[in-house]
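Listing of protein11.txt, compact mmCIF, C-alpha atoms and all ligand atoms
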```
# COMPACT_ATOMS: atom_id res chain seq x y z
CA MET A 3 108.10 94.81 69.04
CA PHE A 4 105.28 94.81 71.59
CA GLN A 5 105.46 94.85 75.35
CA SER A 6 103.20 92.47 77.30
CA LYS A 7 101.05 93.30 80.30
CA ILE A 8 98.99 91.28 82.74
CA ALA A 9 95.50 92.33 81.69
CA GLY A 10 93.65 90.18 84.22
CA ILE A 11 94.50 87.92 87.15
CA GLY A 12 92.38 85.50 89.19
CA HIS A 13 92.63 82.64 91.63
CA TYR A 14 90.65 79.79 93.10
CA VAL A 15 91.19 77.81 96.28
CA PRO A 16 89.10 74.81 97.34
CA LYS A 17 86.72 75.36 100.23
CA ASN A 18 87.99 72.51 102.44
CA VAL A 19 90.21 74.09 105.10
CA TYR A 20 92.63 71.88 107.03
CA THR A 21 94.25 73.57 110.00
CA ASN A 22 97.50 72.31 111.51
CA ASN A 23 95.45 70.80 114.31
CA ASP A 24 93.33 68.91 111.75
CA LEU A 25 96.53 67.23 110.48
CA THR A 26 97.19 65.82 113.95
CA ARG A 27 94.34 63.39 113.20
CA PHE A 28 96.54 61.69 110.60
CA MET A 29 100.14 62.16 111.83
CA ASP A 30 102.26 62.97 114.82
CA THR A 31 102.71 66.73 114.46
CA THR A 32 101.79 69.95 116.25
CA ASP A 33 100.49 73.37 115.30
CA GLU A 34 103.51 74.85 117.06
CA TRP A 35 106.07 72.81 115.04
CA ILE A 36 104.45 73.67 111.71
CA GLN A 37 104.00 77.38 112.44
CA GLU A 38 107.48 77.81 113.84
CA ARG A 39 109.24 76.13 110.89
CA THR A 40 107.02 77.21 108.00
CA GLY A 41 104.60 79.97 109.09
CA ILE A 42 101.67 77.87 107.83
CA LYS A 43 98.45 77.87 109.89
CA GLU A 44 96.12 76.14 107.46
CA ARG A 45 95.84 75.00 103.85
CA ARG A 46 93.07 74.02 101.41
CA TYR A 47 92.58 70.54 99.99
CA ALA A 48 90.56 69.87 96.86
CA ASP A 49 87.61 67.52 96.95
CA ARG A 50 89.21 64.12 96.30
CA LEU A 51 86.96 63.17 93.39
CA GLU A 52 85.07 66.26 92.29
CA GLU A 53 87.98 68.69 91.92
CA THR A 54 91.02 68.27 89.70
CA THR A 55 94.05 70.35 88.82
CA THR A 56 92.25 71.32 85.61
CA SER A 57 88.90 72.12 87.23
CA MET A 58 90.56 74.47 89.75
CA ALA A 59 92.53 76.10 86.93
CA ILE A 60 89.29 76.72 85.03
CA GLU A 61 87.77 78.55 88.00
CA ALA A 62 90.84 80.79 88.25
CA ALA A 63 90.96 81.26 84.46
CA LYS A 64 87.32 82.39 84.28
CA ILE A 65 88.07 85.22 86.73
CA ALA A 66 91.30 86.25 84.97
CA ILE A 67 89.56 86.25 81.57
CA GLU A 68 86.67 88.35 82.86
CA ARG A 69 89.02 90.85 84.51
CA ALA A 70 90.99 91.08 81.26
CA LYS A 71 87.69 92.03 79.57
CA THR A 72 87.99 89.24 77.07
CA THR A 73 86.36 85.84 76.53
CA ALA A 74 87.53 82.23 76.52
CA LYS A 75 86.91 82.16 72.75
CA ASP A 76 89.42 84.99 72.26
CA ILE A 77 92.27 83.27 74.11
CA ASP A 78 94.84 82.34 71.46
CA PHE A 79 97.36 80.29 73.48
CA ILE A 80 97.42 78.37 76.78
CA ILE A 81 100.40 77.78 79.03
CA PHE A 82 99.67 75.48 81.96
CA ALA A 83 102.17 75.01 84.78
CA THR A 84 101.71 72.12 87.22
CA LEU A 85 103.57 69.24 88.83
CA SER A 86 100.32 67.47 89.70
CA PRO A 87 98.62 66.96 86.33
CA ASP A 88 95.32 65.10 86.08
CA TYR A 89 96.96 62.46 83.91
CA TYR A 90 100.56 61.29 83.45
CA PHE A 91 99.83 62.37 79.89
CA PRO A 92 98.32 64.29 78.13
CA GLY A 93 98.89 67.50 80.04
CA CYS A 94 96.26 69.73 81.60
CA GLY A 95 96.52 72.41 78.89
CA VAL A 96 94.41 70.44 76.42
CA LEU A 97 91.89 69.49 79.11
CA LEU A 98 91.41 73.17 79.92
CA GLN A 99 91.11 73.99 76.21
CA ARG A 100 88.37 71.37 75.85
CA GLU A 101 86.44 72.22 79.01
CA MET A 102 86.48 75.98 78.34
CA GLY A 103 85.35 75.51 74.74
CA MET A 104 88.34 77.33 73.31
CA GLY A 105 89.33 77.11 69.67
CA GLU A 106 92.01 74.73 68.35
CA ILE A 107 94.72 76.90 69.85
CA GLY A 108 98.15 75.80 71.06
CA ALA A 109 98.38 74.42 74.59
CA LEU A 110 101.72 74.03 76.32
CA ASP A 111 102.36 72.30 79.65
CA ILE A 112 105.23 73.41 81.85
CA ARG A 113 107.02 71.10 84.29
CA ASN A 114 108.99 73.53 86.41
CA GLN A 115 107.38 73.00 89.78
CA CYS A 116 107.47 76.06 92.06
CA SER A 117 109.02 78.22 89.30
CA GLY A 118 106.44 76.98 86.80
CA PHE A 119 104.36 80.13 86.70
CA VAL A 120 107.35 82.44 86.30
CA TYR A 121 108.67 80.21 83.49
CA ALA A 122 105.21 80.23 81.89
CA LEU A 123 104.94 83.99 82.18
CA SER A 124 108.34 84.42 80.57
CA ILE A 125 107.36 82.23 77.59
CA ALA A 126 104.06 84.07 77.18
CA ASP A 127 105.92 87.38 77.30
CA GLN A 128 108.13 86.30 74.39
CA PHE A 129 105.14 85.25 72.27
CA ILE A 130 103.40 88.59 72.90
CA LYS A 131 106.57 90.57 72.19
CA THR A 132 107.01 88.96 68.80
CA GLY A 133 103.35 89.55 67.94
CA MET A 134 102.62 85.84 67.53
CA TYR A 135 99.76 85.83 70.09
CA LYS A 136 97.61 88.58 71.62
CA ASN A 137 95.64 86.94 74.42
CA ILE A 138 97.56 84.27 76.29
CA LEU A 139 96.15 82.39 79.28
CA VAL A 140 98.87 81.48 81.77
CA VAL A 141 97.86 79.10 84.55
CA GLY A 142 99.44 77.54 87.63
CA SER A 143 97.40 74.87 89.38
CA GLU A 144 98.13 72.09 91.86
CA LYS A 145 96.27 69.28 93.55
CA HIS A 146 98.99 68.13 95.94
CA SER A 147 96.62 66.46 98.36
CA PHE A 148 96.21 63.43 96.06
CA ALA A 149 99.83 62.34 96.39
CA LEU A 150 101.14 63.31 99.82
CA ASP A 151 102.04 60.84 102.53
CA PHE A 152 99.68 61.77 105.36
CA SER A 153 101.26 59.34 107.80
CA THR A 154 103.90 60.44 110.33
CA ARG A 155 106.58 59.13 107.96
CA GLY A 156 105.74 61.85 105.41
CA ARG A 157 105.01 64.72 107.81
CA ALA A 158 108.06 66.90 107.00
CA VAL A 159 106.80 67.23 103.40
CA SER A 160 103.03 66.85 103.63
CA VAL A 161 102.38 69.64 106.15
CA ILE A 162 103.88 72.21 103.75
CA PHE A 163 101.78 71.76 100.64
CA GLY A 164 98.25 72.87 99.73
CA ASP A 165 95.95 72.93 96.71
CA GLY A 166 94.75 75.82 94.53
CA ALA A 167 95.06 77.61 91.21
CA GLY A 168 95.93 81.01 89.79
CA ALA A 169 95.68 82.40 86.27
CA ALA A 170 96.65 85.48 84.29
CA VAL A 171 95.83 86.80 80.84
CA LEU A 172 98.68 88.46 78.98
CA GLN A 173 97.99 90.99 76.25
CA PRO A 174 100.14 93.46 74.30
CA THR A 175 100.41 97.06 75.45
CA THR A 176 101.66 100.13 73.63
CA GLU A 177 102.16 102.13 76.82
CA THR A 178 105.90 102.74 77.04
CA GLY A 179 107.57 101.46 80.19
CA LYS A 180 104.44 99.52 81.24
CA GLY A 181 103.94 95.78 81.60
CA ILE A 182 106.55 93.06 81.92
CA LEU A 183 109.95 94.76 81.94
CA SER A 184 112.04 91.60 81.99
CA THR A 185 112.07 87.95 83.04
CA HIS A 186 115.02 85.85 84.22
CA LEU A 187 115.17 82.05 84.29
CA HIS A 188 117.75 79.65 85.75
CA SER A 189 118.32 76.01 86.61
CA ASP A 190 120.92 73.78 88.23
CA GLY A 191 120.25 70.06 88.02
CA ALA A 192 123.07 69.16 90.44
CA ASP A 193 120.48 68.74 93.21
CA ALA A 194 117.63 67.40 91.07
CA GLU A 195 117.03 64.44 93.41
CA LYS A 196 116.89 66.57 96.57
CA LEU A 197 113.31 67.67 95.95
CA ALA A 198 111.56 65.16 93.75
CA MET A 199 108.89 62.57 93.23
CA TYR A 200 110.70 59.70 91.49
CA TYR A 201 107.67 57.58 90.58
CA PRO A 202 105.81 57.25 88.31
CA GLY A 203 108.92 57.63 86.23
CA ALA A 204 110.90 55.74 83.63
CA SER A 205 114.19 55.76 85.54
CA GLY A 206 113.14 52.64 87.44
CA GLY A 207 115.08 54.13 90.33
CA LYS A 208 118.40 54.13 88.43
CA GLY A 209 121.06 55.95 90.43
CA LEU A 210 118.82 56.34 93.48
CA GLU A 211 120.11 55.20 96.85
CA ASN A 212 117.00 53.27 97.87
CA ARG A 213 116.00 51.75 94.56
CA PRO A 214 112.84 49.76 95.17
CA GLU A 215 112.70 46.12 94.26
CA TRP A 216 112.35 45.66 90.49
CA PRO A 217 109.21 43.65 89.58
CA ASP A 218 109.95 40.13 88.48
CA GLN A 219 109.18 40.49 84.77
CA GLU A 220 111.09 41.12 81.56
CA LEU A 221 109.42 44.38 80.48
CA GLY A 222 107.32 47.16 81.98
CA GLY A 223 105.73 47.24 85.38
CA MET A 224 107.84 49.95 86.97
CA PHE A 225 105.59 52.91 87.45
CA VAL A 226 104.15 52.69 90.95
CA THR A 227 103.96 49.35 92.70
CA PRO A 228 102.06 48.54 95.93
CA LYS A 229 105.42 48.04 97.65
CA MET A 230 106.49 51.58 96.74
CA LEU A 231 103.38 52.96 98.42
CA GLU A 232 104.09 50.75 101.42
CA ASP A 233 107.73 51.76 101.85
CA GLY A 234 107.05 55.43 101.03
CA SER A 235 109.25 55.65 97.93
CA ALA A 236 106.25 56.62 95.77
CA PHE A 237 105.78 59.88 97.70
CA PRO A 238 107.61 63.19 97.18
CA TYR A 239 111.05 63.42 98.76
CA MET A 240 112.58 66.65 100.07
CA ASP A 241 115.92 67.40 101.67
CA GLY A 242 114.46 70.42 103.49
CA GLN A 243 117.75 71.90 104.62
CA ALA A 244 119.32 71.71 101.14
CA VAL A 245 116.26 73.48 99.70
CA PHE A 246 116.36 76.16 102.37
CA LYS A 247 120.09 76.88 101.89
CA LYS A 248 119.86 77.21 98.13
CA ALA A 249 116.57 79.16 98.11
CA VAL A 250 117.79 81.91 100.43
CA VAL A 251 120.73 82.54 98.06
CA LYS A 252 118.95 82.22 94.70
CA PHE A 253 115.85 84.31 95.54
CA PRO A 254 117.83 87.52 96.28
CA GLU A 255 120.24 86.77 93.42
CA VAL A 256 117.55 86.51 90.74
CA ILE A 257 115.64 89.52 92.10
CA GLY A 258 118.91 91.49 92.02
CA GLU A 259 119.49 90.36 88.43
CA ALA A 260 116.07 91.72 87.38
CA LEU A 261 116.62 95.03 89.16
CA ALA A 262 120.13 95.47 87.70
CA LYS A 263 118.88 94.73 84.18
CA ASN A 264 116.41 97.63 84.53
CA GLY A 265 118.72 100.02 86.37
CA LEU A 266 116.65 99.73 89.55
CA ALA A 267 117.34 98.99 93.22
CA PRO A 268 115.44 97.04 95.94
CA ALA A 269 114.09 100.36 97.27
CA ASP A 270 112.23 100.81 93.95
CA ILE A 271 110.10 97.69 94.51
CA ASP A 272 106.53 98.51 95.52
CA LEU A 273 105.58 94.90 96.10
CA LEU A 274 107.58 91.68 96.06
CA VAL A 275 105.37 88.67 95.42
CA PRO A 276 107.58 85.67 96.11
CA HIS A 277 106.69 82.03 95.61
CA GLN A 278 105.16 81.01 98.94
CA ALA A 279 107.69 78.30 99.77
CA ASN A 280 108.03 78.85 103.47
CA LEU A 281 107.54 82.01 105.54
CA ARG A 282 111.07 81.72 106.94
CA ILE A 283 112.51 81.75 103.41
CA SER A 284 110.44 84.85 102.51
CA GLN A 285 111.52 86.62 105.69
CA PHE A 286 115.16 85.80 104.97
CA VAL A 287 114.83 87.21 101.44
CA GLN A 288 113.06 90.32 102.74
CA LYS A 289 115.88 90.93 105.23
CA THR A 290 118.61 90.37 102.63
CA LEU A 291 116.99 92.94 100.32
CA GLY A 292 116.19 95.35 103.17
CA LEU A 293 112.48 95.55 102.31
CA ALA A 294 109.85 96.86 104.73
CA ASP A 295 107.03 94.48 105.79
CA ASP A 296 104.47 96.20 103.56
CA LYS A 297 106.66 95.59 100.49
CA VAL A 298 106.40 91.80 100.63
CA PHE A 299 103.21 89.81 100.10
CA ASN A 300 102.77 86.60 102.09
CA ASN A 301 99.70 84.39 102.22
CA ILE A 302 101.35 81.03 102.95
CA GLN A 303 99.76 81.22 106.41
CA LYS A 304 96.35 80.50 104.81
CA TYR A 305 97.18 78.30 101.84
CA GLY A 306 100.49 76.54 102.50
CA ASN A 307 102.83 76.08 99.57
CA THR A 308 100.81 75.65 96.37
CA THR A 309 103.87 75.26 94.10
CA ALA A 310 103.12 76.52 90.54
CA ALA A 311 99.90 78.14 91.78
CA SER A 312 101.47 80.11 94.61
CA VAL A 313 102.71 83.15 92.66
CA PRO A 314 99.47 83.77 90.71
CA ILE A 315 97.31 83.14 93.81
CA ALA A 316 99.41 85.64 95.77
CA LEU A 317 99.42 88.17 92.93
CA SER A 318 95.66 87.89 92.49
CA GLU A 319 95.00 88.22 96.20
CA ALA A 320 97.37 91.20 96.47
CA TRP A 321 95.51 92.84 93.58
CA GLU A 322 92.11 92.14 95.18
CA GLU A 323 93.31 93.64 98.46
CA GLY A 324 94.34 96.84 96.67
CA ARG A 325 98.03 96.25 97.35
CA ILE A 326 98.85 96.77 93.64
CA LYS A 327 98.20 100.15 92.05
CA GLU A 328 98.66 101.48 88.55
CA GLY A 329 102.33 102.32 87.97
CA ASP A 330 103.64 100.13 90.84
CA LEU A 331 106.82 98.12 90.37
CA ILE A 332 105.96 94.49 91.10
CA CYS A 333 108.59 91.80 91.40
CA LEU A 334 107.70 88.11 91.10
CA ALA A 335 110.28 85.55 92.16
CA ALA A 336 110.27 81.78 92.51
CA PHE A 337 112.55 78.90 93.43
CA GLY A 338 111.77 75.22 93.37
CA ALA A 339 112.55 71.64 92.49
CA GLY A 340 115.10 71.05 89.80
CA PHE A 341 116.46 73.27 91.17
CA THR A 342 114.91 75.97 88.97
CA TRP A 343 114.37 79.61 89.80
CA GLY A 344 113.35 82.85 88.13
CA SER A 345 112.01 86.38 88.45
CA ALA A 346 109.85 88.85 86.57
CA LEU A 347 109.73 92.60 86.96
CA ILE A 348 106.44 94.27 86.07
CA ARG A 349 105.43 97.94 85.86
CA TRP A 350 101.69 97.59 86.57
N1 LIG A 401 105.81 67.73 112.83
C1 LIG A 401 106.56 67.46 113.88
N2 LIG A 401 107.85 67.05 113.79
C2 LIG A 401 108.37 66.95 112.56
C3 LIG A 401 107.63 67.25 111.40
C4 LIG A 401 106.30 67.65 111.58
N3 LIG A 401 105.50 67.97 110.54
N4 LIG A 401 108.41 67.06 110.33
C5 LIG A 401 109.61 66.67 110.77
N5 LIG A 401 109.59 66.60 112.12
C6 LIG A 401 110.67 66.22 113.03
C7 LIG A 401 111.69 65.35 112.36
O1 LIG A 401 111.28 63.99 112.39
C8 LIG A 401 112.89 65.60 113.24
O2 LIG A 401 112.77 64.83 114.41
P1 LIG A 401 114.09 64.20 115.12
O3 LIG A 401 114.93 65.36 115.50
O4 LIG A 401 113.50 63.45 116.26
O5 LIG A 401 114.73 63.35 114.06
C9 LIG A 401 112.76 67.07 113.62
O6 LIG A 401 111.38 67.40 113.41
C10 LIG A 401 113.62 67.98 112.80
O7 LIG A 401 113.52 67.59 111.43
P2 LIG A 401 114.27 68.33 110.28
O8 LIG A 401 113.88 67.73 108.98
O9 LIG A 401 115.72 68.41 110.62
O10 LIG A 401 113.61 69.76 110.43
P3 LIG A 401 114.09 71.10 109.89
O11 LIG A 401 114.45 71.97 111.01
O12 LIG A 401 115.06 70.98 108.76
O13 LIG A 401 112.72 71.63 109.30
C11 LIG A 401 111.73 72.01 107.19
C12 LIG A 401 112.13 70.97 108.21
C13 LIG A 401 110.61 72.87 107.77
C14 LIG A 401 111.21 71.31 105.95
C15 LIG A 401 112.97 72.87 106.90
O14 LIG A 401 114.04 72.09 106.48
C16 LIG A 401 112.70 73.91 105.88
O15 LIG A 401 112.10 74.92 106.15
N6 LIG A 401 113.21 73.67 104.64
C17 LIG A 401 112.89 74.45 103.51
C18 LIG A 401 112.11 73.59 102.63
C19 LIG A 401 110.90 74.24 102.11
O16 LIG A 401 110.46 75.27 102.55
N7 LIG A 401 110.36 73.66 101.13
C20 LIG A 401 109.23 74.21 100.53
C21 LIG A 401 108.91 73.41 99.36
S1 LIG A 401 110.11 73.57 98.15
C22 LIG A 401 109.89 75.04 97.51
O17 LIG A 401 108.80 75.51 97.43
C23 LIG A 401 111.05 75.78 97.10
```
Please express the file's structure as structure tokens.
Amino acid sequence: MFQSKIAGIGHYVPKNVYTNNDLTRFMDTTDEWIQERTGIKERRYADRLEETTTSMAIEAAKIAIERAKTTAKDIDFIIFATLSPDYYFPGCGVLLQREMGMGEIGALDIRNQCSGFVYALSIADQFIKTGMYKNILVVGSEKHSFALDFSTRGRAVSVIFGDGAGAAVLQPTTETGKGILSTHLHSDGADAEKLAMYYPGASGGKGLENRPEWPDQELGGMFVTPKMLEDGSAFPYMDGQAVFKKAVVKFPEVIGEALAKNGLAPADIDLLVPHQANLRISQFVQKTLGLADDKVFNNIQKYGNTTAASVPIALSEAWEEGRIKEGDLICLAAFGAGFTWGSALIRW
């Protein structure tokens, strides 16, 4: 049985910066409202046509691969987490495989939203442990800006999200006690509709309160209709308060689970890298666990919430800033739509 380690990590964010004040050009909002509720000052948006979820992932992957001292040709499995894939199908994993000139290796796409990267990391960890693969590329990438409602109607959701990508290369290690110590995954579908984008989708709105008008035809035609764009039902929906209430319970719970599994306590954590959902959520989690300010990494102020990309972007940036040293205990934790949540404990 092997243990896996993160051999290299990298990230990419688009160069277009949109401050809170920039958003006031499109919707009725204020810098004060956004900062007070979310901590966000600015976010990055991908170039509408030139940049895709896959192209951003490739930029992050190149850095992670180089830092892992390997090459794209040596990657033997891809796990790609995103909720904003380039196509409805196929997933981005195969697009990345093609564009990076990798061999005919397996490519798996993960649909676990904000917990996507932690889920992906956990799967990669299992494959390394069993010896099946030796050089796995794990990616989280999002291009939210293509599908947000930038009118006042959508402001409670659209001000939160940003674009970007992060990637990690997992390899086996023989150093005892080093690498990924454990991962923990959970879900509860009871609130699946409280943070969701219903269309395009095959439900046709079944069970939803505001089911849009069904097109007048016998078959097909129920992906996204012009009326759905008009009435806003084609955009992501979030019950912000329900998300907040659940997140502040599940984050500390799943971090506690990881610590308990390894006989450790919150005081042992050198750096907590939480999914950058909302600064208020992170601060609540920090307080619950009794962690000092320098033990929690936050960069939501600059990038907003980048969903599956947020954990690897934060981890990569923390590493670049020298906040992660050899032997440190790093805790990753995420919570998101589904609801799904998870954690990973790493001895760097
Ligand atoms: N600018 C100005 N006003 C706004 C905006 C905005 N961007 N968005 C909403 N408002 C208004 C509303 O219209 C409402 O006005 P009203 O009182 O006249 O009706 C008022 O502000 C309050 O709206 P609420 O939705 O009740 O605001 P709330 O205090 O709940 O804050 C927020 C909304 C920030 C989303 C909050 O619920 C929250 O932090 N939830 C957590 C959700 C979250 O962080 N999600 C992250 C993504 S999911 C994940 O990553 C896990």
Practice task
Kindly compile the residues surrounding ligand LIG 401 (chain A) within 7 Å, counting only C-alpha atoms and all ligand atoms, and format them as a PyMOL selection string.
Solution key: chain A and resi 30-32+35-36+39-40+116+157-159+161-162+241-243+245-246+249+278-280+282-283+307+309+337-339
Practice task
Figure out the distance between CA of Thr132 (chain A) and CA of Gly95 (chain A), please, to one decimal in Å.
Solution key: 22.0 Å
Completion exercise
Using all atoms listed in the file, the shortest atom-to-atom distance to Lys75 (chain A) among A:Arg100, A:Lys229, A:Lys304, A:Arg46 belongs to A:Arg100
Practice task
Skip Ser147 (chain A) itself and residues of its chain fewer than 6 positions away, then list as a list of chain:residue names all residues within 9 Å of it, counting all atoms listed in the file.
Solution key: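 My list of contacting residues is A:Arg46, A:Tyr47, A:Ala48, A:Arg50, A:Ser160, A:Phe163, A:Gly164, A:Asp165.
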Place a sphere of radius 10 Å on (112.5, 97.5, 95.7) in the file coordinates and name every protein, DNA or RNA residue with an atom inside or on its surface, counting only C-alpha atoms; give the answer as a short mmCIF file (atom, residue, chain, number, x, y, z; two decimals) with C-alpha atoms, in the coordinates of the input.
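After the write, selection-v3.cif holds the following:
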```
data_model
loop_
_atom_site.label_atom_id
_atom_site.label_comp_id
_atom_site.auth_asym_id
_atom_site.auth_seq_id
_atom_site.Cartn_x
_atom_site.Cartn_y
_atom_site.Cartn_z
CA ILE A 257 115.64 89.52 92.10
CA GLY A 258 118.91 91.49 92.02
CA LEU A 261 116.62 95.03 89.16
CA LEU A 266 116.65 99.73 89.55
CA ALA A 267 117.34 98.99 93.22
CA PRO A 268 115.44 97.04 95.94
CA ALA A 269 114.09 100.36 97.27
CA ASP A 270 112.23 100.81 93.95
CA ILE A 271 110.10 97.69 94.51
CA ASP A 272 106.53 98.51 95.52
CA LEU A 273 105.58 94.90 96.10
CA LEU A 274 107.58 91.68 96.06
CA LEU A 291 116.99 92.94 100.32
CA GLY A 292 116.19 95.35 103.17
CA LEU A 293 112.48 95.55 102.31
CA ALA A 294 109.85 96.86 104.73
CA LYS A 297 106.66 95.59 100.49
CA VAL A 298 106.40 91.80 100.63
CA LEU A 331 106.82 98.12 90.37
CA ILE A 332 105.96 94.49 91.10
CA CYS A 333 108.59 91.80 91.40
#
```
What box, with edges along x, y and z, holds each listed atom of region 301-312 of chain A when 5 Å is added on every side, and can you state its centre and edge lengths in Å to one decimal, as lines of an AutoDock Vina configuration file?
```
center_x = 100.1
center_y = 79.8
center_z = 98.5
size_x = 17.5
size_y = 19.1
size_z = 25.9
```
Problem - Expected residue set, 10 Å radius at (111.6, 56.7, 96.2), only C-alpha atoms, as a ChimeraX atom specification - result: /A:195,198-202,206-207,210-214,226,230-231,233-239
Handout entry: Shortest interatomic distance to Ile65 (chain A) - which of A:Phe286, A:Ala310, A:Ser318, A:Lys17, counting all atoms listed in the file
Key =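 The closest residue to Ile65 (chain A) is A:Ser318.
With only C-alpha atoms taken into account, the protein and nucleic acid residues at most 10 Å from Gly181 (chain A) (excluding it and anything under 4 positions from it in its own chain) are Gln5, Ser6, Lys7, Ile8, Ala9, Asp127, Leu172, Gln173, Pro174, Thr175, Thr176, Glu177, Gly329, Leu331, Ile332, Leu347, Ile348, Arg349 and Trp350 of chain A.
Proximity of A:Phe4, A:Ala63, A:Lys43, A:Phe152 to Asn23 (chain A), computed with all atoms listed in the file, is greatest for A:Lys43.
You can rank A:Gln115, A:Gly105, A:Leu139, A:Ala204 by their closest distance to Leu221 (chain A) using only C-alpha atoms, and at the top of that list sits A:Ala204.
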Problem - For CA of Asp111 (chain A) and CA of Ser284 (chain A), the interatomic separation in Å (one decimal) - result: 27.3 Å
Practice task
Compile the contact shell of Val287 (chain A) as a PyMOL selection string: residues with an atom at most 7 Å away, counting only C-alpha atoms, same-chain residues fewer than 6 positions apart removed.
Solution key: chain A and resi 250+253-254
Problem - Computed interatomic separation between CA of Met102 (chain A) and CA of Lys64 (chain A) (Å) - result: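 That distance, rounded to one decimal, is 8.8 Å.
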Practice task
Please provide as a list in words all residues within 9 Å of Val140 (chain A), with the sequence filter that same-chain residues fewer than 5 positions apart are discarded (counting only C-alpha atoms).
Solution key: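 Residues near the query, excluding close chain neighbours: Ala63, Phe79, Ile80, Ile81, Phe82, Ala83, Phe119, Ala122, Leu123, Ala126, Gly168, Ala169, Ala170, Val171 and Leu172 of chain A.
Closest approach to Leu97 (chain A) among A:Ile60, A:Ala320, A:Ile77, A:Ala262 is made by A:Ile60 (distances from all atoms listed in the file).
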Exercise for the section: Return the single residue from A:Leu150, A:Ala167, A:Ala311, A:Ile11 that is closest to Thr54 (chain A), with distances computed using all atoms listed in the file. Expected result: A:Ala167
Quick one: residues within 6 Å of Ser153 (chain A), only C-alpha atoms, excluding same-chain residues fewer than 2 positions away - as a CSV table (one decimal) with C-alpha atoms, in the coordinates of the input?
```csv
chain,number,residue,atom,x,y,z
A,28,PHE,CA,96.5,61.7,110.6
A,29,MET,CA,100.1,62.2,111.8
A,151,ASP,CA,102.0,60.8,102.5
A,155,ARG,CA,106.6,59.1,108.0
A,156,GLY,CA,105.7,61.8,105.4
```
